[in-house]
Amino acid sequence: NLHPSHLNMATSKLFDMFVSEWPEVEEKAIKLLQELIQTDTQNDGENGTETDAVEVIKKRFDASGVKYKTVEPKPGRGNIIARLEGDGSSGKGALCLSAHLDTVKAPTENWEEAGWKHNPFGGEIDEDDGCLYGRGAIDMKQMAAMCVTLVCFMKEKGIRLTRDLIFAGIADEERSDSKYGVKYLIENEPDLIEADIVFTEVGGMSFHSEGREVFPIMFGEKGSAKIKITAFGPGGHSSTYHKDNPIALIGSVAQTLATKRLPLRVVPGGRTTIESMSSLVPGLKGFVFRKILSPRFSDYIVDYLLDESQIQALVPLLHNTASPTIISGGENPNQIPTEASVIVDGRILPGCTIDDLLYDIRQVIGPNLFQTRENPQGEELSPLLKMEVLHYRYPYEQDPTSPAISEVIEILRQVIYDSADGAPIITNIIMGGTDLKFYAEHPTKKPVCLGFEPFRLPPGINLVSLFHSVNERIPVDGYKWGLRVLADVVSIICDASIQE
């Protein structure tokens, strides 16, 4: 992690010319983030209200003279794509900054009882911890607010670019079977988001490990699967005991999946992430840390040497996962049902298939439960458990050492090094899913797709625990830092300059 020196430092410092105006730019970005959080865009499956957020953004673009187009595949499910045209002198395709405008659920009332410190849709800044609270604060309305503010500022100042800069405010990311956002644009209006480079979510935000601040850059992600496991039994009256009660069996299935890890699978992306992180840990501790890749030592290290935040961040990179999320069964309190089911959210490592995940689940639960049986009379009986895939979204990764990706990563490395006291970056895959894999399916151009939405967290805040959580929040100072870092990265990639 030596200081890179071959990049255009003059370009990266372009925004130093506006130092007196930058506090006003920061304030606009904060106000816009608050307004977007106050705009409720919870994803309700087929229904959504991202168009309300699009209207907020349109006002900013109209005031600054930024050209844009809106695409609404279904009423309420709005997308907005803006473009600052470059002069084309670089001969390179666009840089696309992508941010989804929908969020996961949060309570609109009685939010204190749910554990929220502030109204999830209030966009309030806490005076004690200096954080801005609300649903979407880091996932990912903060990126939308930064990008819109930056695009408007560059337009107002007449900053010249040698390649196009695109902002894509996207609908319908927060569900595994997304179809009204990037997927729709790729299939129906791909020209709007054709780019050489795409920045999307889950990267460029800091976490702290072994006393060091580290910035991950995402280059791949796990796949996802919605799986239904059903338990069967003869049913009966609830006034007596039933050892073959499907409610009990499905409960034990959920307990097993919630408490037991699926088998270890060391795939290239996971290995790259672990080796990158272990290189930052000195001496014997780093050596032991790398042994998490070993089938012989991995379980011991996870069970006895890692803390909870490390387990949450690292273990999903080495295992397929299957988390029970919904249990159903029974209709009457005096009747044992004949079946009960659990919905499982599965996540699949790059390099693995849906069949690998199903195999892992069977191994942990017990393969015999999914096999046919015989009764004492020798008659064949159906399996006690059945597993079916309701939805599947494949994993995706790129080679972070390829020249096209390495060039972009080196820019991110330099800017973060300069802006965060020499902090290193690591390349990683993420446990969740993003719009990255849809961008990668562009019909005319396969872009470099990276997770980069920069902001800075202080020690003591667990990055992973903020996503989709109660008290989602972002430190205001860390948000301001991210705005400037994003500006510097864009200025380098787009070779920005002041028009004469």
# chains A, B, ... in the order shown; residues from 1 in each chain; ligands from 1
$ residues_around --residues "stretch 161-166 of chain A" --least-positions-apart "4" --cutoff "10 Å" --atoms "only C-alpha atoms" --output "ChimeraX atom specification"
/A:68,81-98,147,151,154,192-198,490-499
$ write_last_selection --atoms "N, CA, C and O atoms" --output "short mmCIF file (atom, residue, chain, number, x, y, z; two decimals), in the first residue's frame"
data_model
loop_
_atom_site.label_atom_id
_atom_site.label_comp_id
_atom_site.auth_asym_id
_atom_site.auth_seq_id
_atom_site.Cartn_x
_atom_site.Cartn_y
_atom_site.Cartn_z
N TYR A 68 -31.90 15.51 -17.94
CA TYR A 68 -32.22 14.20 -17.38
C TYR A 68 -33.39 13.59 -18.11
O TYR A 68 -34.10 14.27 -18.87
N ILE A 81 -32.36 9.43 -14.85
CA ILE A 81 -31.00 9.32 -15.38
C ILE A 81 -30.60 10.69 -15.91
O ILE A 81 -31.26 11.25 -16.80
N ALA A 82 -29.51 11.22 -15.35
CA ALA A 82 -28.98 12.52 -15.77
C ALA A 82 -27.61 12.31 -16.41
O ALA A 82 -26.90 11.35 -16.09
N ARG A 83 -27.23 13.23 -17.28
CA ARG A 83 -25.96 13.10 -17.98
C ARG A 83 -25.30 14.47 -18.13
O ARG A 83 -25.92 15.42 -18.61
N LEU A 84 -24.03 14.55 -17.72
CA LEU A 84 -23.17 15.68 -18.08
C LEU A 84 -22.30 15.21 -19.23
O LEU A 84 -21.53 14.25 -19.08
N GLU A 85 -22.42 15.86 -20.36
CA GLU A 85 -21.69 15.41 -21.54
C GLU A 85 -20.24 15.88 -21.50
O GLU A 85 -19.96 17.04 -21.20
N GLY A 86 -19.33 14.96 -21.79
CA GLY A 86 -17.93 15.31 -21.94
C GLY A 86 -17.64 15.71 -23.37
O GLY A 86 -18.51 15.60 -24.26
N ASP A 87 -16.41 16.19 -23.61
CA ASP A 87 -16.07 16.61 -24.97
C ASP A 87 -15.60 15.46 -25.85
O ASP A 87 -15.33 15.64 -27.04
N GLY A 88 -15.49 14.25 -25.26
CA GLY A 88 -15.12 13.08 -26.03
C GLY A 88 -13.65 12.94 -26.32
O GLY A 88 -13.24 11.98 -27.00
N SER A 89 -12.82 13.86 -25.83
CA SER A 89 -11.40 13.84 -26.18
C SER A 89 -10.66 12.65 -25.61
O SER A 89 -9.61 12.27 -26.11
N SER A 90 -11.19 12.03 -24.56
CA SER A 90 -10.52 10.86 -23.98
C SER A 90 -10.76 9.60 -24.79
O SER A 90 -10.01 8.63 -24.68
N GLY A 91 -11.81 9.61 -25.61
CA GLY A 91 -12.16 8.42 -26.36
C GLY A 91 -12.72 7.31 -25.51
O GLY A 91 -12.82 6.16 -25.95
N LYS A 92 -13.09 7.62 -24.28
CA LYS A 92 -13.57 6.60 -23.34
C LYS A 92 -15.07 6.77 -23.08
O LYS A 92 -15.62 7.86 -23.20
N GLY A 93 -15.69 5.65 -22.70
CA GLY A 93 -17.10 5.67 -22.37
C GLY A 93 -17.37 6.32 -21.04
O GLY A 93 -16.44 6.68 -20.28
N ALA A 94 -18.64 6.45 -20.70
CA ALA A 94 -19.07 7.21 -19.53
C ALA A 94 -18.68 6.55 -18.21
O ALA A 94 -18.45 5.34 -18.13
N LEU A 95 -18.66 7.37 -17.18
CA LEU A 95 -18.65 6.93 -15.79
C LEU A 95 -20.07 7.08 -15.29
O LEU A 95 -20.66 8.16 -15.38
N CYS A 96 -20.64 6.00 -14.76
CA CYS A 96 -22.01 6.02 -14.25
C CYS A 96 -22.00 5.89 -12.73
O CYS A 96 -21.43 4.94 -12.19
N LEU A 97 -22.61 6.85 -12.05
CA LEU A 97 -22.78 6.82 -10.61
C LEU A 97 -24.21 6.37 -10.33
O LEU A 97 -25.16 7.08 -10.68
N SER A 98 -24.37 5.22 -9.72
CA SER A 98 -25.70 4.63 -9.55
C SER A 98 -26.09 4.57 -8.08
O SER A 98 -25.29 4.18 -7.23
N CYS A 147 -24.27 12.34 -5.20
CA CYS A 147 -24.13 12.38 -6.66
C CYS A 147 -24.91 13.55 -7.25
O CYS A 147 -24.40 14.27 -8.12
N VAL A 151 -23.18 16.55 -9.28
CA VAL A 151 -23.52 16.80 -10.67
C VAL A 151 -24.04 18.23 -10.86
O VAL A 151 -23.66 18.94 -11.81
N MET A 154 -21.07 20.72 -10.59
CA MET A 154 -20.21 20.70 -11.77
C MET A 154 -20.88 21.39 -12.96
O MET A 154 -20.23 22.08 -13.75
N LEU A 192 -29.32 4.60 -22.12
CA LEU A 192 -29.31 5.60 -21.04
C LEU A 192 -28.20 5.35 -20.03
O LEU A 192 -27.70 6.29 -19.40
N ILE A 193 -27.83 4.07 -19.84
CA ILE A 193 -26.86 3.74 -18.79
C ILE A 193 -25.64 3.01 -19.35
O ILE A 193 -24.94 2.32 -18.61
N GLU A 194 -25.38 3.17 -20.65
CA GLU A 194 -24.18 2.56 -21.22
C GLU A 194 -22.95 3.29 -20.70
O GLU A 194 -22.85 4.51 -20.78
N ALA A 195 -22.01 2.55 -20.12
CA ALA A 195 -20.85 3.16 -19.47
C ALA A 195 -19.67 2.20 -19.49
O ALA A 195 -19.84 0.98 -19.59
N ASP A 196 -18.48 2.77 -19.39
CA ASP A 196 -17.26 1.97 -19.21
C ASP A 196 -17.06 1.57 -17.76
O ASP A 196 -16.48 0.53 -17.46
N ILE A 197 -17.51 2.44 -16.85
CA ILE A 197 -17.32 2.23 -15.41
C ILE A 197 -18.62 2.53 -14.70
O ILE A 197 -19.29 3.53 -14.99
N VAL A 198 -19.00 1.67 -13.76
CA VAL A 198 -20.19 1.88 -12.93
C VAL A 198 -19.79 1.78 -11.47
O VAL A 198 -19.14 0.81 -11.07
N VAL A 490 -14.20 11.42 -9.27
CA VAL A 490 -14.84 11.78 -10.53
C VAL A 490 -13.95 12.70 -11.35
O VAL A 490 -13.82 12.54 -12.58
N SER A 491 -13.31 13.64 -10.71
CA SER A 491 -12.47 14.59 -11.44
C SER A 491 -11.29 13.90 -12.11
O SER A 491 -10.87 14.27 -13.21
N ILE A 492 -10.73 12.86 -11.46
CA ILE A 492 -9.63 12.11 -12.07
C ILE A 492 -10.12 11.26 -13.23
O ILE A 492 -9.56 11.30 -14.33
N ILE A 493 -11.17 10.47 -12.99
CA ILE A 493 -11.64 9.55 -14.03
C ILE A 493 -12.15 10.31 -15.26
O ILE A 493 -11.93 9.87 -16.40
N CYS A 494 -12.80 11.43 -15.02
CA CYS A 494 -13.36 12.21 -16.13
C CYS A 494 -12.41 13.33 -16.59
O CYS A 494 -12.79 14.14 -17.44
N ASP A 495 -11.20 13.37 -16.02
CA ASP A 495 -10.20 14.37 -16.39
C ASP A 495 -10.81 15.77 -16.39
O ASP A 495 -10.74 16.51 -17.39
N ALA A 496 -11.40 16.14 -15.28
CA ALA A 496 -12.16 17.38 -15.18
C ALA A 496 -11.23 18.60 -15.15
O ALA A 496 -10.13 18.54 -14.64
N SER A 497 -11.73 19.69 -15.69
CA SER A 497 -10.96 20.94 -15.69
C SER A 497 -11.92 22.13 -15.76
O SER A 497 -13.10 21.98 -16.10
N ILE A 498 -11.39 23.30 -15.45
CA ILE A 498 -12.20 24.51 -15.51
C ILE A 498 -12.15 25.05 -16.94
O ILE A 498 -11.07 25.18 -17.53
N GLN A 499 -13.31 25.37 -17.48
CA GLN A 499 -13.35 25.92 -18.82
C GLN A 499 -12.77 27.32 -18.83
O GLN A 499 -13.03 28.13 -17.93
#
$ residues_around --residues "A:Leu36" --least-positions-apart "2" --cutoff "8 Å" --atoms "only C-alpha atoms" --output "list in words"
Leu32, Leu33, Gln34, Gln38, Thr39, Asp40, Ala53, Val56, Lys141 and Ala145 of chain A
$ write_last_selection --atoms "C-alpha atoms" --output "CSV table (one decimal), in the first residue's frame"
chain,number,residue,atom,x,y,z
A,32,LEU,CA,-30.9,16.8,0.1
A,33,LEU,CA,-30.2,13.6,2.1
A,34,GLN,CA,-32.6,14.7,4.8
A,38,GLN,CA,-38.2,12.2,4.6
A,39,THR,CA,-39.6,10.9,1.3
A,40,ASP,CA,-40.9,7.4,2.2
A,53,ALA,CA,-37.9,10.7,-4.7
A,56,VAL,CA,-37.3,15.7,-5.3
A,141,LYS,CA,-29.9,7.6,-0.3
A,145,ALA,CA,-27.7,12.9,-2.5
$ atom_distance --atom1 "atom CA of A:Pro107" --atom2 "atom CA of A:Gly451"
28.3 Å
$ residues_around --residues "A:Val389" --least-positions-apart "2" --cutoff "9 Å" --atoms "only C-alpha atoms" --output "PyMOL selection string"
chain A and resi 225-229+354+358+387+391-392
$ select_by_dssp --residues "stretch 250-316 of chain A" --states "alpha helix (DSSP H)" --output "ChimeraX atom specification"
/A:250-259,268-278,283-290,298-304,308-314
$ residues_around --residues "A:Gly460" --least-positions-apart "5" --cutoff "12 Å" --atoms "only C-alpha atoms" --output "list in words"
Asp129, Ser206, Phe207, His208, Ser209, Gly211, Glu213, Ser309, Ser465 and Leu466 of chain A
$ select_by_dssp --residues "stretch 157-406 of chain A" --states "strand (DSSP E or B)" --output "number ranges by chain"
A: 159-160, 165-170, 197-200, 205, 207-209, 212-221, 223-232, 236-237, 264, 319, 321-329, 335-336, 339-348, 373-374, 380-381, 385-393, 396-397
$ atom_distance --atom1 "atom CA of A:Ala106" --atom2 "atom CA of A:Arg175"
15.0 Å
$ residues_around --residues "A:Val253" --least-positions-apart "4" --cutoff "10 Å" --atoms "only C-alpha atoms" --output "PyMOL selection string"
chain A and resi 229-231+247-249+257-258+324+341-342+361+364-366+385
$ write_last_selection --atoms "C-alpha atoms" --output "compact mmCIF listing (two decimals), in the first residue's frame"
# COMPACT_ATOMS: atom_id res chain seq x y z
CA ILE A 229 -38.70 -26.04 3.03
CA THR A 230 -41.88 -27.90 3.91
CA ALA A 231 -42.37 -30.49 6.65
CA ILE A 247 -44.64 -27.67 13.33
CA ALA A 248 -41.98 -29.19 15.59
CA LEU A 249 -39.94 -30.48 12.67
CA LEU A 257 -30.12 -23.22 9.98
CA ALA A 258 -29.98 -20.29 12.38
CA PRO A 324 -34.81 -18.72 8.05
CA SER A 341 -43.00 -24.49 6.06
CA VAL A 342 -40.12 -22.09 6.45
CA ILE A 361 -28.54 -27.24 3.36
CA VAL A 364 -26.62 -29.56 7.77
CA ILE A 365 -30.28 -30.49 8.31
CA GLY A 366 -29.82 -34.20 7.61
CA LEU A 385 -39.07 -32.65 4.21
$ residues_around --residues "stretch 316-322 of chain A" --least-positions-apart "6" --cutoff "9 Å" --atoms "only C-alpha atoms" --output "short mmCIF file (atom, residue, chain, number, x, y, z; two decimals) with all heavy atoms, in the first residue's frame"
data_model
loop_
_atom_site.label_atom_id
_atom_site.label_comp_id
_atom_site.auth_asym_id
_atom_site.auth_seq_id
_atom_site.Cartn_x
_atom_site.Cartn_y
_atom_site.Cartn_z
N LYS A 222 -22.35 -12.23 -3.76
CA LYS A 222 -22.99 -13.53 -3.69
C LYS A 222 -24.33 -13.51 -4.43
O LYS A 222 -24.95 -12.45 -4.58
CB LYS A 222 -23.20 -13.94 -2.23
CG LYS A 222 -21.91 -14.09 -1.44
CD LYS A 222 -22.13 -14.43 0.01
CE LYS A 222 -22.43 -15.90 0.22
NZ LYS A 222 -22.42 -16.26 1.66
N ALA A 225 -31.09 -16.78 -3.23
CA ALA A 225 -32.15 -17.75 -3.53
C ALA A 225 -33.21 -17.68 -2.45
O ALA A 225 -32.91 -17.59 -1.26
CB ALA A 225 -31.58 -19.16 -3.62
N ILE A 227 -35.91 -19.94 -0.86
CA ILE A 227 -36.14 -21.38 -0.79
C ILE A 227 -37.25 -21.67 0.21
O ILE A 227 -37.31 -21.07 1.29
CB ILE A 227 -34.84 -22.10 -0.36
CG1 ILE A 227 -33.75 -21.86 -1.40
CG2 ILE A 227 -35.08 -23.59 -0.16
CD1 ILE A 227 -32.37 -22.27 -0.94
N LEU A 257 -30.66 -24.16 10.95
CA LEU A 257 -30.12 -23.22 9.98
C LEU A 257 -29.66 -21.91 10.62
O LEU A 257 -28.73 -21.27 10.15
CB LEU A 257 -31.16 -22.93 8.89
CG LEU A 257 -31.50 -24.11 7.96
CD1 LEU A 257 -32.58 -23.69 6.97
CD2 LEU A 257 -30.26 -24.61 7.23
N ALA A 258 -30.33 -21.53 11.71
CA ALA A 258 -29.98 -20.29 12.38
C ALA A 258 -28.72 -20.41 13.23
O ALA A 258 -28.07 -19.40 13.52
CB ALA A 258 -31.14 -19.82 13.25
N ARG A 261 -23.36 -23.36 10.83
CA ARG A 261 -22.82 -22.89 9.56
C ARG A 261 -22.90 -23.99 8.51
O ARG A 261 -22.71 -25.17 8.81
CB ARG A 261 -21.35 -22.45 9.72
CG ARG A 261 -21.17 -21.21 10.56
CD ARG A 261 -19.73 -20.76 10.57
NE ARG A 261 -18.86 -21.69 11.28
CZ ARG A 261 -18.65 -21.69 12.59
NH1 ARG A 261 -19.28 -20.80 13.35
NH2 ARG A 261 -17.85 -22.57 13.16
N LEU A 262 -23.15 -23.58 7.27
CA LEU A 262 -23.05 -24.51 6.16
C LEU A 262 -21.58 -24.84 5.93
O LEU A 262 -20.69 -24.15 6.43
CB LEU A 262 -23.69 -23.92 4.92
CG LEU A 262 -25.18 -23.53 5.01
CD1 LEU A 262 -25.72 -23.15 3.63
CD2 LEU A 262 -26.03 -24.62 5.63
N PRO A 263 -21.27 -25.88 5.16
CA PRO A 263 -19.88 -26.30 4.99
C PRO A 263 -18.98 -25.20 4.44
O PRO A 263 -19.41 -24.32 3.68
CB PRO A 263 -19.99 -27.46 4.00
CG PRO A 263 -21.36 -28.01 4.21
CD PRO A 263 -22.21 -26.81 4.51
N LEU A 264 -17.69 -25.25 4.82
CA LEU A 264 -16.68 -24.31 4.34
C LEU A 264 -16.49 -24.47 2.84
O LEU A 264 -16.35 -25.58 2.33
CB LEU A 264 -15.36 -24.57 5.07
CG LEU A 264 -14.17 -23.70 4.65
CD1 LEU A 264 -14.37 -22.26 5.12
CD2 LEU A 264 -12.87 -24.27 5.21
N ARG A 265 -16.46 -23.34 2.14
CA ARG A 265 -16.17 -23.34 0.70
C ARG A 265 -15.25 -22.15 0.41
O ARG A 265 -15.69 -21.00 0.43
CB ARG A 265 -17.45 -23.23 -0.13
CG ARG A 265 -18.33 -24.49 -0.10
CD ARG A 265 -19.53 -24.32 -1.00
NE ARG A 265 -20.39 -25.49 -1.03
CZ ARG A 265 -20.27 -26.51 -1.89
NH1 ARG A 265 -19.28 -26.50 -2.78
NH2 ARG A 265 -21.12 -27.54 -1.85
N VAL A 266 -14.00 -22.42 0.15
CA VAL A 266 -13.02 -21.36 -0.11
C VAL A 266 -12.98 -21.10 -1.61
O VAL A 266 -12.39 -21.86 -2.37
CB VAL A 266 -11.63 -21.73 0.42
CG1 VAL A 266 -10.65 -20.59 0.14
CG2 VAL A 266 -11.69 -22.02 1.92
N VAL A 267 -13.64 -20.02 -2.03
CA VAL A 267 -13.68 -19.63 -3.44
C VAL A 267 -12.69 -18.49 -3.66
O VAL A 267 -12.25 -17.83 -2.70
CB VAL A 267 -15.10 -19.21 -3.86
CG1 VAL A 267 -16.08 -20.37 -3.68
CG2 VAL A 267 -15.57 -18.00 -3.05
N GLY A 269 -12.82 -15.39 -4.73
CA GLY A 269 -13.17 -14.07 -4.20
C GLY A 269 -13.07 -13.99 -2.70
O GLY A 269 -12.58 -13.01 -2.14
N GLY A 270 -13.52 -15.05 -2.01
CA GLY A 270 -13.40 -15.08 -0.56
C GLY A 270 -11.95 -15.13 -0.12
O GLY A 270 -11.55 -14.47 0.85
N ARG A 271 -11.15 -15.93 -0.81
CA ARG A 271 -9.73 -16.02 -0.48
C ARG A 271 -9.05 -14.66 -0.65
O ARG A 271 -8.25 -14.24 0.20
CB ARG A 271 -9.04 -17.07 -1.35
CG ARG A 271 -7.55 -17.23 -1.07
CD ARG A 271 -6.92 -18.26 -1.97
NE ARG A 271 -7.40 -19.60 -1.66
CZ ARG A 271 -6.91 -20.36 -0.69
NH1 ARG A 271 -5.92 -19.90 0.08
NH2 ARG A 271 -7.39 -21.57 -0.49
N THR A 273 -10.32 -11.69 -0.41
CA THR A 273 -10.73 -10.79 0.67
C THR A 273 -10.01 -11.12 1.97
O THR A 273 -9.47 -10.23 2.64
CB THR A 273 -12.24 -10.86 0.88
OG1 THR A 273 -12.91 -10.56 -0.35
CG2 THR A 273 -12.69 -9.88 1.94
N ILE A 274 -9.98 -12.39 2.35
CA ILE A 274 -9.34 -12.79 3.60
C ILE A 274 -7.84 -12.50 3.55
O ILE A 274 -7.25 -11.98 4.53
CB ILE A 274 -9.59 -14.27 3.89
CG1 ILE A 274 -11.09 -14.54 4.07
CG2 ILE A 274 -8.81 -14.73 5.11
CD1 ILE A 274 -11.73 -13.80 5.21
N ILE A 292 -8.07 -19.11 8.80
CA ILE A 292 -9.52 -19.25 8.66
C ILE A 292 -9.86 -19.89 7.31
O ILE A 292 -10.95 -20.44 7.11
CB ILE A 292 -10.22 -17.87 8.81
CG1 ILE A 292 -11.73 -18.05 9.00
CG2 ILE A 292 -9.95 -17.00 7.61
CD1 ILE A 292 -12.45 -16.75 9.25
N LEU A 293 -8.91 -19.86 6.37
CA LEU A 293 -9.09 -20.49 5.07
C LEU A 293 -8.86 -21.99 5.11
O LEU A 293 -9.17 -22.70 4.15
CB LEU A 293 -8.12 -19.87 4.05
CG LEU A 293 -8.31 -18.37 3.77
CD1 LEU A 293 -7.12 -17.85 2.97
CD2 LEU A 293 -9.61 -18.13 3.02
N VAL A 344 -36.54 -19.62 3.46
CA VAL A 344 -35.12 -19.45 3.76
C VAL A 344 -34.51 -18.50 2.73
O VAL A 344 -34.72 -18.65 1.52
CB VAL A 344 -34.39 -20.81 3.71
CG1 VAL A 344 -32.90 -20.64 3.88
CG2 VAL A 344 -34.95 -21.73 4.79
N ASP A 345 -33.77 -17.52 3.22
CA ASP A 345 -33.01 -16.63 2.36
C ASP A 345 -31.62 -17.22 2.19
O ASP A 345 -30.82 -17.21 3.12
CB ASP A 345 -32.93 -15.23 2.95
CG ASP A 345 -32.12 -14.29 2.08
OD1 ASP A 345 -32.55 -14.02 0.95
OD2 ASP A 345 -31.03 -13.85 2.51
N GLY A 346 -31.32 -17.72 1.02
CA GLY A 346 -30.03 -18.32 0.74
C GLY A 346 -29.11 -17.36 0.00
O GLY A 346 -29.56 -16.59 -0.85
N ARG A 347 -27.81 -17.43 0.32
CA ARG A 347 -26.81 -16.62 -0.36
C ARG A 347 -25.69 -17.53 -0.86
O ARG A 347 -25.18 -18.37 -0.10
CB ARG A 347 -26.25 -15.54 0.56
CG ARG A 347 -27.33 -14.59 1.11
CD ARG A 347 -27.94 -13.73 0.01
NE ARG A 347 -29.14 -13.03 0.45
CZ ARG A 347 -29.43 -11.77 0.13
NH1 ARG A 347 -28.59 -11.08 -0.62
NH2 ARG A 347 -30.54 -11.22 0.55
N ILE A 348 -25.33 -17.35 -2.13
CA ILE A 348 -24.49 -18.32 -2.83
C ILE A 348 -23.18 -17.66 -3.24
O ILE A 348 -23.16 -16.62 -3.90
CB ILE A 348 -25.22 -18.84 -4.09
CG1 ILE A 348 -26.60 -19.37 -3.70
CG2 ILE A 348 -24.40 -19.92 -4.78
CD1 ILE A 348 -27.54 -19.50 -4.87
N LEU A 349 -22.07 -18.27 -2.86
CA LEU A 349 -20.75 -17.74 -3.17
C LEU A 349 -20.48 -17.75 -4.67
O LEU A 349 -20.92 -18.66 -5.38
CB LEU A 349 -19.68 -18.58 -2.48
CG LEU A 349 -19.55 -18.42 -0.97
CD1 LEU A 349 -18.78 -19.58 -0.37
CD2 LEU A 349 -18.86 -17.09 -0.63
N CYS A 352 -20.05 -20.96 -6.97
CA CYS A 352 -20.99 -22.01 -6.56
C CYS A 352 -22.29 -21.88 -7.32
O CYS A 352 -22.59 -20.83 -7.89
CB CYS A 352 -21.26 -21.94 -5.05
SG CYS A 352 -19.83 -22.34 -4.01
N ASP A 356 -25.26 -26.41 -5.33
CA ASP A 356 -24.30 -26.46 -4.21
C ASP A 356 -24.96 -26.00 -2.91
O ASP A 356 -24.76 -26.59 -1.85
CB ASP A 356 -23.08 -25.58 -4.51
CG ASP A 356 -22.24 -26.11 -5.65
OD1 ASP A 356 -22.14 -27.34 -5.80
OD2 ASP A 356 -21.67 -25.28 -6.40
N LEU A 357 -25.73 -24.93 -3.00
CA LEU A 357 -26.43 -24.43 -1.82
C LEU A 357 -27.42 -25.46 -1.28
O LEU A 357 -27.46 -25.72 -0.07
CB LEU A 357 -27.15 -23.13 -2.13
CG LEU A 357 -28.06 -22.57 -1.02
CD1 LEU A 357 -27.25 -22.25 0.23
CD2 LEU A 357 -28.81 -21.34 -1.51
N ASP A 360 -25.59 -28.17 0.49
CA ASP A 360 -25.11 -27.73 1.81
C ASP A 360 -26.23 -27.74 2.84
O ASP A 360 -26.03 -28.13 3.99
CB ASP A 360 -24.49 -26.33 1.70
CG ASP A 360 -23.16 -26.33 0.94
OD1 ASP A 360 -22.64 -27.43 0.66
OD2 ASP A 360 -22.66 -25.23 0.65
N ILE A 361 -27.40 -27.27 2.44
CA ILE A 361 -28.54 -27.24 3.36
C ILE A 361 -28.91 -28.66 3.80
O ILE A 361 -29.14 -28.92 4.99
CB ILE A 361 -29.74 -26.53 2.72
CG1 ILE A 361 -29.44 -25.03 2.54
CG2 ILE A 361 -31.00 -26.72 3.56
CD1 ILE A 361 -30.50 -24.29 1.75
N ASN A 428 -12.91 -6.84 -2.24
CA ASN A 428 -13.71 -7.87 -1.58
C ASN A 428 -14.98 -8.20 -2.35
O ASN A 428 -15.43 -7.43 -3.20
CB ASN A 428 -14.08 -7.43 -0.16
CG ASN A 428 -15.14 -6.34 -0.16
OD1 ASN A 428 -14.99 -5.30 -0.80
ND2 ASN A 428 -16.22 -6.57 0.56
N ILE A 429 -15.53 -9.36 -2.05
CA ILE A 429 -16.89 -9.68 -2.46
C ILE A 429 -17.81 -9.39 -1.27
O ILE A 429 -17.35 -9.33 -0.13
CB ILE A 429 -17.04 -11.15 -2.90
CG1 ILE A 429 -16.65 -12.11 -1.78
CG2 ILE A 429 -16.23 -11.42 -4.15
CD1 ILE A 429 -16.92 -13.57 -2.09
N ILE A 430 -19.08 -9.19 -1.54
CA ILE A 430 -20.01 -8.89 -0.46
C ILE A 430 -21.02 -10.01 -0.33
O ILE A 430 -21.28 -10.77 -1.27
CB ILE A 430 -20.73 -7.55 -0.68
CG1 ILE A 430 -21.58 -7.57 -1.95
CG2 ILE A 430 -19.74 -6.41 -0.68
CD1 ILE A 430 -22.56 -6.44 -2.04
N MET A 431 -21.59 -10.10 0.86
CA MET A 431 -22.52 -11.18 1.17
C MET A 431 -23.91 -10.94 0.61
O MET A 431 -24.68 -11.87 0.44
CB MET A 431 -22.59 -11.37 2.67
CG MET A 431 -23.10 -10.17 3.44
SD MET A 431 -22.72 -10.24 5.20
CE MET A 431 -20.99 -9.76 5.19
#
$ residues_around --residues "stretch 187-191 of chain A" --least-positions-apart "2" --cutoff "9 Å" --atoms "only C-alpha atoms" --output "ChimeraX atom specification"
/A:71,182-185,193-195,442-444
$ write_last_selection --atoms "N, CA and C atoms" --output "short mmCIF file (atom, residue, chain, number, x, y, z; two decimals), in the first residue's frame"
data_model
loop_
_atom_site.label_atom_id
_atom_site.label_comp_id
_atom_site.auth_asym_id
_atom_site.auth_seq_id
_atom_site.Cartn_x
_atom_site.Cartn_y
_atom_site.Cartn_z
N VAL A 71 -37.81 7.44 -16.26
CA VAL A 71 -38.38 6.21 -16.80
C VAL A 71 -39.20 5.57 -15.69
N VAL A 182 -32.70 -1.22 -12.68
CA VAL A 182 -31.64 -1.44 -13.66
C VAL A 182 -32.02 -2.55 -14.63
N LYS A 183 -32.63 -3.59 -14.14
CA LYS A 183 -33.03 -4.69 -15.02
C LYS A 183 -33.93 -4.18 -16.15
N TYR A 184 -34.89 -3.34 -15.81
CA TYR A 184 -35.79 -2.79 -16.82
C TYR A 184 -35.02 -1.92 -17.81
N LEU A 185 -34.13 -1.08 -17.30
CA LEU A 185 -33.37 -0.19 -18.18
C LEU A 185 -32.46 -0.98 -19.12
N ILE A 193 -27.83 4.07 -19.84
CA ILE A 193 -26.86 3.74 -18.79
C ILE A 193 -25.64 3.01 -19.35
N GLU A 194 -25.38 3.17 -20.65
CA GLU A 194 -24.18 2.56 -21.22
C GLU A 194 -22.95 3.29 -20.70
N ALA A 195 -22.01 2.55 -20.12
CA ALA A 195 -20.85 3.16 -19.47
C ALA A 195 -19.67 2.20 -19.49
N HIS A 442 -25.19 -5.56 -19.52
CA HIS A 442 -25.50 -4.57 -20.56
C HIS A 442 -25.26 -5.18 -21.94
N PRO A 443 -26.21 -5.00 -22.86
CA PRO A 443 -26.12 -5.71 -24.14
C PRO A 443 -25.02 -5.23 -25.08
N THR A 444 -24.54 -4.00 -24.93
CA THR A 444 -23.55 -3.48 -25.87
C THR A 444 -22.20 -3.20 -25.23
#
$ decode --residues "stretch 403-409 of chain A" --atoms "C-alpha atoms" --output "short mmCIF file (atom, residue, chain, number, x, y, z; two decimals), in the first residue's frame"
data_model
loop_
_atom_site.label_atom_id
_atom_site.label_comp_id
_atom_site.auth_asym_id
_atom_site.auth_seq_id
_atom_site.Cartn_x
_atom_site.Cartn_y
_atom_site.Cartn_z
CA PRO A 403 -5.95 -4.05 -16.29
CA ALA A 404 -9.28 -2.25 -16.69
CA ILE A 405 -10.31 -2.87 -13.08
CA SER A 406 -6.82 -2.31 -11.65
CA GLU A 407 -6.67 1.14 -13.23
CA VAL A 408 -9.86 2.25 -11.49
CA ILE A 409 -8.94 0.62 -8.18
#
